[in-house]
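Below is entry14.txt, holding compact mmCIF, N, CA and C atoms.
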# COMPACT_ATOMS: atom_id res chain seq x y z
N MET A 954 1.87 -6.84 -8.59
CA MET A 954 1.26 -5.77 -7.83
C MET A 954 2.08 -4.49 -8.02
N SER A 955 3.29 -4.45 -7.55
CA SER A 955 4.22 -3.32 -7.72
C SER A 955 3.58 -1.96 -7.51
N LYS A 956 3.15 -1.71 -6.30
CA LYS A 956 2.59 -0.41 -5.96
C LYS A 956 3.12 0.01 -4.60
N THR A 957 2.90 1.26 -4.26
CA THR A 957 3.31 1.76 -2.96
C THR A 957 2.08 2.05 -2.13
N GLY A 958 2.29 2.30 -0.87
CA GLY A 958 1.18 2.59 0.02
C GLY A 958 1.04 1.49 1.07
N PHE A 959 -0.16 1.38 1.60
CA PHE A 959 -0.41 0.43 2.68
C PHE A 959 -1.61 -0.44 2.33
N LEU A 960 -1.58 -1.66 2.83
CA LEU A 960 -2.68 -2.61 2.67
C LEU A 960 -3.17 -3.03 4.04
N ARG A 961 -4.48 -3.07 4.20
CA ARG A 961 -5.07 -3.58 5.44
C ARG A 961 -5.19 -5.09 5.34
N LEU A 962 -5.41 -5.75 6.46
CA LEU A 962 -5.43 -7.21 6.51
C LEU A 962 -6.49 -7.79 5.57
N HIS A 963 -7.67 -7.18 5.52
CA HIS A 963 -8.72 -7.72 4.65
C HIS A 963 -8.33 -7.64 3.17
N GLN A 964 -7.45 -6.71 2.82
CA GLN A 964 -6.99 -6.61 1.45
C GLN A 964 -5.95 -7.69 1.14
N ILE A 965 -5.21 -8.12 2.13
CA ILE A 965 -4.20 -9.14 1.94
C ILE A 965 -4.82 -10.54 1.94
N LEU A 966 -5.68 -10.79 2.94
CA LEU A 966 -6.25 -12.12 3.11
C LEU A 966 -7.58 -12.30 2.37
N GLY A 967 -8.13 -11.22 1.86
CA GLY A 967 -9.40 -11.28 1.16
C GLY A 967 -10.57 -11.14 2.12
N ASP A 968 -11.72 -10.80 1.56
CA ASP A 968 -12.92 -10.62 2.36
C ASP A 968 -14.13 -10.93 1.47
N LYS A 969 -14.78 -12.06 1.73
CA LYS A 969 -15.91 -12.48 0.90
C LYS A 969 -17.06 -11.48 0.97
N LYS A 970 -17.30 -10.88 2.14
CA LYS A 970 -18.39 -9.92 2.30
C LYS A 970 -18.18 -8.68 1.43
N ARG A 971 -16.93 -8.28 1.26
CA ARG A 971 -16.60 -7.10 0.44
C ARG A 971 -16.21 -7.49 -0.98
N ASP A 972 -16.29 -8.78 -1.30
CA ASP A 972 -15.92 -9.31 -2.62
C ASP A 972 -14.48 -8.97 -2.98
N ILE A 973 -13.56 -9.16 -1.99
CA ILE A 973 -12.14 -8.91 -2.20
C ILE A 973 -11.41 -10.25 -2.24
N CYS A 974 -10.75 -10.53 -3.36
CA CYS A 974 -9.99 -11.77 -3.49
C CYS A 974 -8.69 -11.66 -2.70
N PRO A 975 -8.24 -12.78 -2.12
CA PRO A 975 -7.00 -12.73 -1.33
C PRO A 975 -5.75 -12.60 -2.20
N ILE A 976 -4.78 -11.89 -1.67
CA ILE A 976 -3.45 -11.86 -2.27
C ILE A 976 -2.66 -13.05 -1.73
N ILE A 977 -2.78 -13.28 -0.43
CA ILE A 977 -2.15 -14.41 0.24
C ILE A 977 -3.30 -15.22 0.86
N PRO A 978 -3.63 -16.38 0.31
CA PRO A 978 -4.79 -17.14 0.78
C PRO A 978 -4.50 -18.01 2.01
N VAL A 979 -4.39 -17.36 3.16
CA VAL A 979 -4.21 -18.08 4.42
C VAL A 979 -5.20 -17.52 5.44
N SER A 980 -5.40 -18.24 6.53
CA SER A 980 -6.31 -17.77 7.58
C SER A 980 -5.65 -16.65 8.39
N LYS A 981 -6.47 -15.93 9.15
CA LYS A 981 -5.93 -14.86 10.00
C LYS A 981 -4.95 -15.42 11.02
N SER A 982 -5.28 -16.57 11.62
CA SER A 982 -4.38 -17.13 12.63
C SER A 982 -3.05 -17.55 12.00
N THR A 983 -3.09 -18.10 10.80
CA THR A 983 -1.85 -18.46 10.11
C THR A 983 -1.05 -17.21 9.78
N TRP A 984 -1.74 -16.16 9.34
CA TRP A 984 -1.06 -14.90 9.02
C TRP A 984 -0.35 -14.34 10.24
N TRP A 985 -1.08 -14.21 11.37
CA TRP A 985 -0.47 -13.63 12.56
C TRP A 985 0.65 -14.50 13.11
N SER A 986 0.52 -15.81 12.99
CA SER A 986 1.60 -16.72 13.40
C SER A 986 2.83 -16.48 12.52
N GLY A 987 2.62 -16.30 11.22
CA GLY A 987 3.72 -16.03 10.30
C GLY A 987 4.37 -14.69 10.54
N VAL A 988 3.57 -13.69 10.93
CA VAL A 988 4.14 -12.38 11.28
C VAL A 988 5.01 -12.53 12.52
N LYS A 989 4.50 -13.27 13.50
CA LYS A 989 5.22 -13.45 14.76
C LYS A 989 6.56 -14.14 14.56
N ASP A 990 6.59 -15.17 13.70
CA ASP A 990 7.84 -15.91 13.52
C ASP A 990 8.69 -15.42 12.35
N GLY A 991 8.26 -14.32 11.70
CA GLY A 991 9.08 -13.70 10.66
C GLY A 991 8.87 -14.23 9.25
N ARG A 992 7.94 -15.15 9.03
CA ARG A 992 7.67 -15.64 7.68
C ARG A 992 6.96 -14.59 6.84
N PHE A 993 6.16 -13.74 7.49
CA PHE A 993 5.41 -12.69 6.82
C PHE A 993 5.89 -11.34 7.35
N PRO A 994 5.73 -10.27 6.57
CA PRO A 994 6.23 -8.95 6.99
C PRO A 994 5.58 -8.41 8.25
N ALA A 995 6.32 -7.61 8.96
CA ALA A 995 5.81 -6.95 10.16
C ALA A 995 4.84 -5.84 9.78
N PRO A 996 3.81 -5.63 10.58
CA PRO A 996 2.86 -4.57 10.29
C PRO A 996 3.38 -3.20 10.72
N VAL A 997 2.68 -2.18 10.25
CA VAL A 997 2.95 -0.80 10.62
C VAL A 997 1.70 -0.28 11.31
N LYS A 998 1.85 0.31 12.49
CA LYS A 998 0.71 0.91 13.19
C LYS A 998 0.50 2.32 12.64
N LEU A 999 -0.66 2.54 12.03
CA LEU A 999 -0.99 3.85 11.49
C LEU A 999 -1.78 4.68 12.48
N GLY A 1000 -2.29 4.04 13.51
CA GLY A 1000 -3.07 4.70 14.54
C GLY A 1000 -3.34 3.70 15.64
N PRO A 1001 -4.02 4.11 16.70
CA PRO A 1001 -4.25 3.20 17.82
C PRO A 1001 -5.02 1.93 17.45
N ARG A 1002 -5.89 2.03 16.46
CA ARG A 1002 -6.69 0.88 16.05
C ARG A 1002 -6.53 0.55 14.57
N THR A 1003 -5.44 1.02 13.98
CA THR A 1003 -5.22 0.82 12.54
C THR A 1003 -3.87 0.19 12.30
N THR A 1004 -3.90 -1.03 11.80
CA THR A 1004 -2.69 -1.77 11.46
C THR A 1004 -2.69 -2.02 9.96
N ALA A 1005 -1.55 -1.86 9.33
CA ALA A 1005 -1.45 -2.07 7.88
C ALA A 1005 -0.06 -2.63 7.56
N TRP A 1006 0.10 -3.01 6.31
CA TRP A 1006 1.38 -3.51 5.82
C TRP A 1006 1.79 -2.70 4.62
N ARG A 1007 3.08 -2.48 4.47
CA ARG A 1007 3.58 -1.76 3.29
C ARG A 1007 3.31 -2.61 2.06
N ALA A 1008 2.74 -1.99 1.04
CA ALA A 1008 2.43 -2.71 -0.20
C ALA A 1008 3.70 -3.31 -0.80
N GLU A 1009 4.81 -2.62 -0.66
CA GLU A 1009 6.08 -3.13 -1.19
C GLU A 1009 6.49 -4.43 -0.50
N ASP A 1010 6.24 -4.53 0.82
CA ASP A 1010 6.58 -5.74 1.57
C ASP A 1010 5.71 -6.92 1.12
N ILE A 1011 4.43 -6.65 0.87
CA ILE A 1011 3.53 -7.71 0.42
C ILE A 1011 3.90 -8.14 -1.00
N ASP A 1012 4.25 -7.17 -1.84
CA ASP A 1012 4.68 -7.48 -3.21
C ASP A 1012 5.92 -8.38 -3.19
N GLU A 1013 6.87 -8.06 -2.33
CA GLU A 1013 8.08 -8.87 -2.19
C GLU A 1013 7.75 -10.27 -1.69
N LEU A 1014 6.82 -10.38 -0.74
CA LEU A 1014 6.40 -11.68 -0.24
C LEU A 1014 5.80 -12.52 -1.36
N VAL A 1015 4.95 -11.91 -2.19
CA VAL A 1015 4.35 -12.64 -3.31
C VAL A 1015 5.43 -13.12 -4.27
N ARG A 1016 6.41 -12.28 -4.57
CA ARG A 1016 7.51 -12.69 -5.46
C ARG A 1016 8.31 -13.84 -4.84
N THR A 1017 8.58 -13.75 -3.54
CA THR A 1017 9.34 -14.80 -2.85
C THR A 1017 8.58 -16.12 -2.86
N LEU A 1018 7.29 -16.06 -2.53
CA LEU A 1018 6.48 -17.27 -2.54
C LEU A 1018 6.39 -17.86 -3.94
N GLY A 1019 6.27 -16.99 -4.96
CA GLY A 1019 6.23 -17.45 -6.34
C GLY A 1019 7.53 -18.11 -6.76
N ALA A 1020 8.66 -17.56 -6.30
CA ALA A 1020 9.96 -18.15 -6.62
C ALA A 1020 10.09 -19.53 -6.01
N HIS A 1021 9.58 -19.71 -4.77
CA HIS A 1021 9.61 -21.02 -4.14
C HIS A 1021 8.75 -22.01 -4.92
N GLN A 1022 7.58 -21.55 -5.41
CA GLN A 1022 6.69 -22.40 -6.21
C GLN A 1022 7.39 -22.83 -7.48
N ASP A 1023 8.07 -21.87 -8.16
CA ASP A 1023 8.73 -22.15 -9.43
C ASP A 1023 9.82 -23.19 -9.29
N HIS A 1024 10.44 -23.26 -8.13
CA HIS A 1024 11.53 -24.20 -7.90
C HIS A 1024 11.08 -25.47 -7.21
N GLY A 1025 9.76 -25.62 -7.04
CA GLY A 1025 9.24 -26.83 -6.43
C GLY A 1025 9.49 -26.94 -4.94
N GLN A 1026 9.73 -25.81 -4.29
CA GLN A 1026 9.98 -25.81 -2.85
C GLN A 1026 8.74 -25.34 -2.12
N ALA A 1027 8.54 -25.86 -0.94
CA ALA A 1027 7.43 -25.41 -0.10
C ALA A 1027 7.83 -24.11 0.59
N ALA A 1028 6.86 -23.20 0.72
CA ALA A 1028 7.15 -21.92 1.39
C ALA A 1028 7.15 -22.07 2.88

Please lay out the structure from this file as structure tokens.
Amino acid sequence: MSKTGFLRLHQILGDKKRDICPIIPVSKSTWWSGVKDGRFPAPVKLGPRTTAWRAEDIDELVRTLGAHQDHGQAA
């Protein structure tokens, strides 16, 4: 990925209605649970009803998860 900016949740988890493939294929409840316990990056509030994640943080998460896969470890 290696880009800057912000990603909304539907861009991270995918959205079949918008034909967006997931970057991290987990459910919303799993995602929010992971955010709460620190497995996934913390969001940034861009406005009262707008939550996003730094693209750099998601890119790092993908690299970390890929490294765990390469070494045969569960994430």

Identify, with DSSP run on backbone atoms, the residues in range 973-1018 of chain A assigned to alpha helix (DSSP H), and express the list as a ChimeraX atom specification. /A:981-990,1008-1018

Check the DSSP output for the backbone and give back, as number ranges by chain, the residues of chain A in strand (DSSP E). A: 959-960, 997-1000, 1003-1007

Which residues of range 984-1003 of chain A come within 8 Å of range 956-979 of chain A, and for each one, what is the closest pair of atoms and their distance in Å to one decimal, counting only N, CA and C atoms, sorted by chain and residue number, as JSON lines?
{"residue": "A:Trp984", "atom": "N", "partner": "A:Val979", "partner_atom": "C", "distance": 5.4}
{"residue": "A:Trp985", "atom": "N", "partner": "A:Val979", "partner_atom": "C", "distance": 7.9}
{"residue": "A:Thr1003", "atom": "C", "partner": "A:Arg961", "partner_atom": "CA", "distance": 7.9}

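If you look at CA of Val997 in chain A and CA of Ile1011 in chain A, they are 12.3 Å away from each other.
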
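Going from atom N of Gly991 in chain A over to CA of Leu1014 in chain A, you cover 12.4 Å.
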
Could you check how far CA of Thr1004 in chain A sits from CA of Gly1019 in chain A, in Å to one decimal?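 Computed distance, CA of Thr1004 in chain A to CA of Gly1019 in chain A, equals 25.3 Å.
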
Is there a way to complete range 974-991 of chain A with N, CA, C and O atoms and then write that out as a PDB file, in the coordinates of the input?
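As a result, out.pdb now contains:
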ATOM      1  N   CYS A 974     -10.750 -10.530  -3.360  1.00  0.00           N
ATOM      2  CA  CYS A 974      -9.990 -11.770  -3.490  1.00  0.00           C
ATOM      3  C   CYS A 974      -8.690 -11.660  -2.700  1.00  0.00           C
ATOM      4  O   CYS A 974      -8.078 -10.593  -2.637  1.00  0.00           O
ATOM      5  N   PRO A 975      -8.240 -12.780  -2.120  1.00  0.00           N
ATOM      6  CA  PRO A 975      -7.000 -12.730  -1.330  1.00  0.00           C
ATOM      7  C   PRO A 975      -5.750 -12.600  -2.200  1.00  0.00           C
ATOM      8  O   PRO A 975      -5.689 -13.133  -3.298  1.00  0.00           O
ATOM      9  N   ILE A 976      -4.780 -11.890  -1.670  1.00  0.00           N
ATOM     10  CA  ILE A 976      -3.450 -11.860  -2.270  1.00  0.00           C
ATOM     11  C   ILE A 976      -2.660 -13.050  -1.730  1.00  0.00           C
ATOM     12  O   ILE A 976      -1.983 -13.748  -2.469  1.00  0.00           O
ATOM     13  N   ILE A 977      -2.780 -13.280  -0.430  1.00  0.00           N
ATOM     14  CA  ILE A 977      -2.150 -14.410   0.240  1.00  0.00           C
ATOM     15  C   ILE A 977      -3.300 -15.220   0.860  1.00  0.00           C
ATOM     16  O   ILE A 977      -3.901 -14.790   1.836  1.00  0.00           O
ATOM     17  N   PRO A 978      -3.630 -16.380   0.310  1.00  0.00           N
ATOM     18  CA  PRO A 978      -4.790 -17.140   0.780  1.00  0.00           C
ATOM     19  C   PRO A 978      -4.500 -18.010   2.010  1.00  0.00           C
ATOM     20  O   PRO A 978      -4.356 -19.230   1.910  1.00  0.00           O
ATOM     21  N   VAL A 979      -4.390 -17.360   3.160  1.00  0.00           N
ATOM     22  CA  VAL A 979      -4.210 -18.080   4.420  1.00  0.00           C
ATOM     23  C   VAL A 979      -5.200 -17.520   5.440  1.00  0.00           C
ATOM     24  O   VAL A 979      -5.759 -16.440   5.241  1.00  0.00           O
ATOM     25  N   SER A 980      -5.400 -18.240   6.530  1.00  0.00           N
ATOM     26  CA  SER A 980      -6.310 -17.770   7.580  1.00  0.00           C
ATOM     27  C   SER A 980      -5.650 -16.650   8.390  1.00  0.00           C
ATOM     28  O   SER A 980      -4.432 -16.466   8.353  1.00  0.00           O
ATOM     29  N   LYS A 981      -6.470 -15.930   9.150  1.00  0.00           N
ATOM     30  CA  LYS A 981      -5.930 -14.860  10.000  1.00  0.00           C
ATOM     31  C   LYS A 981      -4.950 -15.420  11.020  1.00  0.00           C
ATOM     32  O   LYS A 981      -3.906 -14.815  11.276  1.00  0.00           O
ATOM     33  N   SER A 982      -5.280 -16.570  11.620  1.00  0.00           N
ATOM     34  CA  SER A 982      -4.380 -17.130  12.630  1.00  0.00           C
ATOM     35  C   SER A 982      -3.050 -17.550  12.000  1.00  0.00           C
ATOM     36  O   SER A 982      -1.988 -17.339  12.603  1.00  0.00           O
ATOM     37  N   THR A 983      -3.090 -18.100  10.800  1.00  0.00           N
ATOM     38  CA  THR A 983      -1.850 -18.460  10.110  1.00  0.00           C
ATOM     39  C   THR A 983      -1.050 -17.210   9.780  1.00  0.00           C
ATOM     40  O   THR A 983       0.174 -17.172   9.927  1.00  0.00           O
ATOM     41  N   TRP A 984      -1.740 -16.160   9.340  1.00  0.00           N
ATOM     42  CA  TRP A 984      -1.060 -14.900   9.020  1.00  0.00           C
ATOM     43  C   TRP A 984      -0.350 -14.340  10.240  1.00  0.00           C
ATOM     44  O   TRP A 984       0.834 -14.014  10.187  1.00  0.00           O
ATOM     45  N   TRP A 985      -1.080 -14.210  11.370  1.00  0.00           N
ATOM     46  CA  TRP A 985      -0.470 -13.630  12.560  1.00  0.00           C
ATOM     47  C   TRP A 985       0.650 -14.500  13.110  1.00  0.00           C
ATOM     48  O   TRP A 985       1.652 -13.986  13.617  1.00  0.00           O
ATOM     49  N   SER A 986       0.520 -15.810  12.990  1.00  0.00           N
ATOM     50  CA  SER A 986       1.600 -16.720  13.400  1.00  0.00           C
ATOM     51  C   SER A 986       2.830 -16.480  12.520  1.00  0.00           C
ATOM     52  O   SER A 986       3.964 -16.438  13.013  1.00  0.00           O
ATOM     53  N   GLY A 987       2.620 -16.300  11.220  1.00  0.00           N
ATOM     54  CA  GLY A 987       3.720 -16.030  10.300  1.00  0.00           C
ATOM     55  C   GLY A 987       4.370 -14.690  10.540  1.00  0.00           C
ATOM     56  O   GLY A 987       5.579 -14.541  10.398  1.00  0.00           O
ATOM     57  N   VAL A 988       3.570 -13.690  10.930  1.00  0.00           N
ATOM     58  CA  VAL A 988       4.140 -12.380  11.280  1.00  0.00           C
ATOM     59  C   VAL A 988       5.010 -12.530  12.520  1.00  0.00           C
ATOM     60  O   VAL A 988       6.131 -12.017  12.585  1.00  0.00           O
ATOM     61  N   LYS A 989       4.500 -13.270  13.500  1.00  0.00           N
ATOM     62  CA  LYS A 989       5.220 -13.450  14.760  1.00  0.00           C
ATOM     63  C   LYS A 989       6.560 -14.140  14.560  1.00  0.00           C
ATOM     64  O   LYS A 989       7.567 -13.753  15.156  1.00  0.00           O
ATOM     65  N   ASP A 990       6.590 -15.170  13.700  1.00  0.00           N
ATOM     66  CA  ASP A 990       7.840 -15.910  13.520  1.00  0.00           C
ATOM     67  C   ASP A 990       8.690 -15.420  12.350  1.00  0.00           C
ATOM     68  O   ASP A 990       9.711 -16.004  12.030  1.00  0.00           O
ATOM     69  N   GLY A 991       8.260 -14.320  11.700  1.00  0.00           N
ATOM     70  CA  GLY A 991       9.080 -13.700  10.660  1.00  0.00           C
ATOM     71  C   GLY A 991       8.870 -14.230   9.250  1.00  0.00           C
ATOM     72  O   GLY A 991       9.569 -13.792   8.333  1.00  0.00           O
TER      73      GLY A 991
END
